[in-house]
Amino acid sequence: MTVNHRYPSLPAFIKAGLYAFLLFFSLSSLSLAASAENVKDVKFSHQTVLDLAKKLATEPYKLPKQAPISLTRLDAETYQKIRFQQHAAIWGNSPSPFSIQLFAPGFLYKNLVNIDIVESGKSVPINVTESSFKVPNPGIAKALAQVGKYAGFRLHYPLNNSQDKNEFIIFQGASYFRAVSKGQLYGISARGLAIDVAEPKGEEHPTFTHFWIERPGREQKAIVVHALLNSKSVTGAYRFGIYPDDPTHMDVKVTLFPRVDIPHIGLAPLTSMFLHGGMVPSKSTDYRPEVHNSQALAITTGNNEHLWRPLNNPSSLQISGFMDEHTKGFGLIQRDRQFVNYQDLEAHYELRPSLWVEPIEDWGKGQVQLFEIPSNADSNDNIVAYWRPEGGLKKGQTFSYNYRLIWLNDINPMPGKTKIVRSAKGQPSEDGNRVMIIDFSHISVEQLKRLSINASSNHGKIVKTKLIANPNIDGARVFLTFNPENADVAELRLQLMNKNTPISETWLYRWIKPSLFTGE
């Protein structure tokens, strides 16, 4: 399927410090003050967010308040020079293992966000002063103080060692957030919600407009963040239980209040980047063999089949749907952890996290949808995946669901069984055949004798398959020869079997006619 409009660029996260706010406190009790005004404490619980979202859904939608043009017209270089005064980090010198730093509005980050601190069941808003930032010029400081709000925040925790509080999660831009586990670097992002992705009428971008961050005790190793989501079609109340660890995970509790019927909605959306590698050669000269934050979509279906779908960077938008019921989980996975396969001394793609979505309760019928968007730059997030529930959402009907996000290195879908470690393909032969290889880990030579290959295609013809030992990975390699015949598109499927029992992940691949796909 191809749409005629250009898919909008997804927000990019800027590495440099872009933060807001100055905070004064004592070690015994946190005192929030950013101006001469006295701010009154407000009673707070998650029910507060539910009540706000429910009430908001009955009112006409209003666009989020935005930063003035003096801030939004800043270029990237100037915006990166706005640096949070790190000595003012919230809880920075307190016994709490967590601390908060804030992002300034401006440049791409136009929407203004409210952020409150919650202590002893009461919330207090965080405000901004002219001394909250180190800025390129006094005019920017004055503009930020007049605005008095933020574009998002980041949390710090002694993740990699006990001496330093390391940044490990960012909430910034629409409903985007991303996190890392011990030893990882930022890569893939998650979102609160996706609506009408790749629809001809254009995508709707729900926004987190208000956050409440609970102060954890000095012995706590987790932190709770609440968020209010708002958009033209829906409002939502979110509760994030965040556990920085190895791996970091988040328990997400969501209640949505639809303003209208929403047939196309995506739950637990993931957003990543795939430029080239594996089955997709580089479209231009590039010294890096592979460039991607994620290399494959993985799914554990309701009947416990483990799917592995290498990602593409096609010449036209590709949409894939994987129908399922009682799904066990899905994710965008960065399995290859060897620097030699990336050769990027700055990006270090081998350190980017995988992200796995695990429903906490039954999500019923629906499908995992995958969107692969053409891209010529590693700065573009061109991969989207999420769960699309059957029937969508109905106006006025509250919809609740829970799930876990795990920011891991790799999944181990079949304990004690083999998994796919590499896919690649060769040039077409004169007879029109295509040869593809799939490498499987942890298969002994003795075991190899008992295995068979189950391969199929919905179009074209599987000419032959061959299975040989691959001692370099202590595993095996499959050669798959495929002739598309007159097909424009074909869906290939392959699995290793021991008699009638699968012993590997199921490898999936969408072959596209070269006239439709320039990567071959």
# chains A, B, ... in the order shown; residues from 1 in each chain; ligands from 1

call {"tool": "select_by_dssp", "arguments": {"residues": "segment 41-192 of chain A", "states": "strand (DSSP E or B)", "output": "PyMOL selection string"}}
result
chain A and resi 42-43+66+83-84+90+99-103+106+109+111+113-119+122-125+133-134+150+152-157+166-172+176-179+189-191

call {"tool": "residues_around", "arguments": {"residues": "segment 67-72 of chain A", "least_positions_apart": "5", "cutoff": "9 Å", "atoms": "only C-alpha atoms", "output": "PDB file with N, CA and C atoms, in the first residue's frame"}}
result
ATOM      1  N   TYR A  79      19.518  26.296  20.255  1.00  0.00           N
ATOM      2  CA  TYR A  79      18.726  25.565  21.246  1.00  0.00           C
ATOM      3  C   TYR A  79      19.601  24.642  22.088  1.00  0.00           C
ATOM      4  N   PRO A 105      11.289  24.702  26.491  1.00  0.00           N
ATOM      5  CA  PRO A 105      10.570  24.733  25.222  1.00  0.00           C
ATOM      6  C   PRO A 105      11.343  25.545  24.191  1.00  0.00           C
ATOM      7  N   GLY A 106      11.104  25.225  22.925  1.00  0.00           N
ATOM      8  CA  GLY A 106      11.773  25.945  21.848  1.00  0.00           C
ATOM      9  C   GLY A 106      12.182  24.989  20.746  1.00  0.00           C
ATOM     10  N   PHE A 107      12.617  25.567  19.596  1.00  0.00           N
ATOM     11  CA  PHE A 107      13.045  24.794  18.442  1.00  0.00           C
ATOM     12  C   PHE A 107      11.904  23.873  18.016  1.00  0.00           C
ATOM     13  N   LEU A 108      12.094  22.549  17.951  1.00  0.00           N
ATOM     14  CA  LEU A 108      11.040  21.615  17.555  1.00  0.00           C
ATOM     15  C   LEU A 108       9.991  21.412  18.639  1.00  0.00           C
ATOM     16  N   TYR A 109      10.342  21.729  19.870  1.00  0.00           N
ATOM     17  CA  TYR A 109       9.490  21.408  21.009  1.00  0.00           C
ATOM     18  C   TYR A 109       8.645  22.620  21.384  1.00  0.00           C
ATOM     19  N   LYS A 110       7.526  22.743  20.678  1.00  0.00           N
ATOM     20  CA  LYS A 110       6.688  23.932  20.794  1.00  0.00           C
ATOM     21  C   LYS A 110       5.660  23.841  21.916  1.00  0.00           C
ATOM     22  N   ASN A 111       5.144  22.637  22.170  1.00  0.00           N
ATOM     23  CA  ASN A 111       4.078  22.488  23.159  1.00  0.00           C
ATOM     24  C   ASN A 111       4.599  22.712  24.577  1.00  0.00           C
ATOM     25  N   LEU A 112       3.811  23.431  25.379  1.00  0.00           N
ATOM     26  CA  LEU A 112       4.159  23.698  26.766  1.00  0.00           C
ATOM     27  C   LEU A 112       3.553  22.620  27.658  1.00  0.00           C
ATOM     28  N   ILE A 140      16.741  35.066  25.912  1.00  0.00           N
ATOM     29  CA  ILE A 140      16.178  33.716  25.979  1.00  0.00           C
ATOM     30  C   ILE A 140      15.769  33.393  27.413  1.00  0.00           C
ATOM     31  N   ALA A 143      12.540  35.135  28.141  1.00  0.00           N
ATOM     32  CA  ALA A 143      11.406  34.507  27.453  1.00  0.00           C
ATOM     33  C   ALA A 143      10.990  33.218  28.146  1.00  0.00           C
ATOM     34  N   LEU A 144      11.970  32.410  28.583  1.00  0.00           N
ATOM     35  CA  LEU A 144      11.653  31.158  29.257  1.00  0.00           C
ATOM     36  C   LEU A 144      10.956  31.406  30.595  1.00  0.00           C
ATOM     37  N   VAL A 147       7.354  32.361  29.952  1.00  0.00           N
ATOM     38  CA  VAL A 147       6.552  31.195  29.576  1.00  0.00           C
ATOM     39  C   VAL A 147       6.219  30.364  30.813  1.00  0.00           C
ATOM     40  N   LYS A 149       6.867  27.317  31.716  1.00  0.00           N
ATOM     41  CA  LYS A 149       6.587  25.894  31.588  1.00  0.00           C
ATOM     42  C   LYS A 149       7.714  25.217  30.810  1.00  0.00           C
TER      43      LYS A 149
END

call {"tool": "residues_around", "arguments": {"residues": "segment 283-299 of chain A", "least_positions_apart": "5", "cutoff": "7 Å", "atoms": "only C-alpha atoms", "output": "ChimeraX atom specification"}}
result
/A:187-188,272-277,306-311,329-334,341-344,349,352,354,519

call {"tool": "residues_around", "arguments": {"residues": "Val124 of chain A", "least_positions_apart": "5", "cutoff": "7 Å", "atoms": "only C-alpha atoms", "output": "ChimeraX atom specification"}}
result
/A:39,41-42,116-118

call {"tool": "closest_residue", "arguments": {"among": "A:Asp474, A:Asp362, A:Glu372, A:Asp410", "to": "Ala385 of chain A", "atoms": "only C-alpha atoms"}}
result
A:Glu372

call {"tool": "select_by_dssp", "arguments": {"residues": "segment 219-362 of chain A", "states": "helix (DSSP H, G or I)", "output": "count of residues only"}}
result
6

call {"tool": "closest_residue", "arguments": {"among": "A:Lys449, A:His156, A:Lys122, A:Lys232", "to": "Lys62 of chain A", "atoms": "only C-alpha atoms"}}
result
A:Lys232

call {"tool": "residues_around", "arguments": {"residues": "Arg154 of chain A", "least_positions_apart": "4", "cutoff": "9 Å", "atoms": "only C-alpha atoms", "output": "ChimeraX atom specification"}}
result
/A:19,99-103,167-172

call {"tool": "write_last_selection", "arguments": {"atoms": "N, CA, C and O atoms", "output": "short mmCIF file (atom, residue, chain, number, x, y, z; two decimals), in the first residue's frame"}}
result
data_model
loop_
_atom_site.label_atom_id
_atom_site.label_comp_id
_atom_site.auth_asym_id
_atom_site.auth_seq_id
_atom_site.Cartn_x
_atom_site.Cartn_y
_atom_site.Cartn_z
N TYR A 19 17.28 22.09 29.23
CA TYR A 19 16.42 21.87 30.37
C TYR A 19 15.97 23.17 31.01
O TYR A 19 16.44 24.22 30.70
N SER A 99 16.73 11.86 40.68
CA SER A 99 16.67 13.31 40.51
C SER A 99 16.04 13.64 39.16
O SER A 99 15.96 12.79 38.27
N ILE A 100 15.58 14.89 39.04
CA ILE A 100 14.87 15.33 37.84
C ILE A 100 15.57 16.54 37.25
O ILE A 100 15.96 17.47 37.98
N GLN A 101 15.72 16.53 35.93
CA GLN A 101 16.14 17.71 35.20
C GLN A 101 15.11 17.97 34.10
O GLN A 101 14.44 17.05 33.65
N LEU A 102 15.02 19.23 33.69
CA LEU A 102 13.90 19.63 32.84
C LEU A 102 14.36 20.21 31.51
O LEU A 102 15.46 20.77 31.41
N PHE A 103 13.52 20.07 30.50
CA PHE A 103 13.81 20.56 29.15
C PHE A 103 13.09 21.88 28.89
O PHE A 103 11.91 22.03 29.23
N GLU A 167 21.47 9.60 33.68
CA GLU A 167 20.22 9.82 32.95
C GLU A 167 19.77 8.49 32.35
O GLU A 167 20.55 7.80 31.69
N PHE A 168 18.49 8.13 32.56
CA PHE A 168 18.04 6.84 32.04
C PHE A 168 16.68 6.89 31.35
O PHE A 168 16.29 5.92 30.71
N ILE A 169 15.96 8.00 31.44
CA ILE A 169 14.68 8.08 30.73
C ILE A 169 14.34 9.53 30.42
O ILE A 169 14.65 10.44 31.22
N ILE A 170 13.75 9.75 29.25
CA ILE A 170 13.35 11.08 28.78
C ILE A 170 11.90 11.04 28.34
O ILE A 170 11.49 10.13 27.61
N PHE A 171 11.12 12.02 28.78
CA PHE A 171 9.79 12.28 28.23
C PHE A 171 9.86 13.64 27.55
O PHE A 171 10.01 14.66 28.23
N GLN A 172 9.74 13.66 26.22
CA GLN A 172 9.83 14.93 25.50
C GLN A 172 9.25 14.79 24.11
O GLN A 172 9.58 13.87 23.37
#

call {"tool": "decode", "arguments": {"residues": "segment 57-76 of chain A", "atoms": "C-alpha atoms", "output": "JSON list (two decimals), in the first residue's frame"}}
result
[["chain", "number", "residue", "atom", "x", "y", "z"],
["A", 57, "ALA", "CA", -13.19, 14.31, 27.01],
["A", 58, "THR", "CA", -16.60, 16.00, 27.42],
["A", 59, "GLU", "CA", -15.23, 19.38, 26.37],
["A", 60, "PRO", "CA", -14.28, 20.70, 22.92],
["A", 61, "TYR", "CA", -10.66, 19.98, 22.06],
["A", 62, "LYS", "CA", -8.21, 22.86, 22.42],
["A", 63, "LEU", "CA", -4.73, 22.87, 20.95],
["A", 64, "PRO", "CA", -1.92, 22.71, 23.52],
["A", 65, "LYS", "CA", -0.44, 26.03, 24.55],
["A", 66, "GLN", "CA", 2.75, 26.71, 22.66],
["A", 67, "ALA", "CA", 5.98, 28.58, 23.25],
["A", 68, "PRO", "CA", 6.31, 32.04, 21.68],
["A", 69, "ILE", "CA", 7.91, 32.48, 18.29],
["A", 70, "SER", "CA", 11.04, 33.91, 19.93],
["A", 71, "LEU", "CA", 11.72, 30.38, 21.22],
["A", 72, "THR", "CA", 10.29, 28.20, 18.45],
["A", 73, "ARG", "CA", 12.30, 30.00, 15.77],
["A", 74, "LEU", "CA", 15.58, 29.09, 17.48],
["A", 75, "ASP", "CA", 17.80, 26.91, 15.33],
["A", 76, "ALA", "CA", 19.20, 23.61, 16.57]]
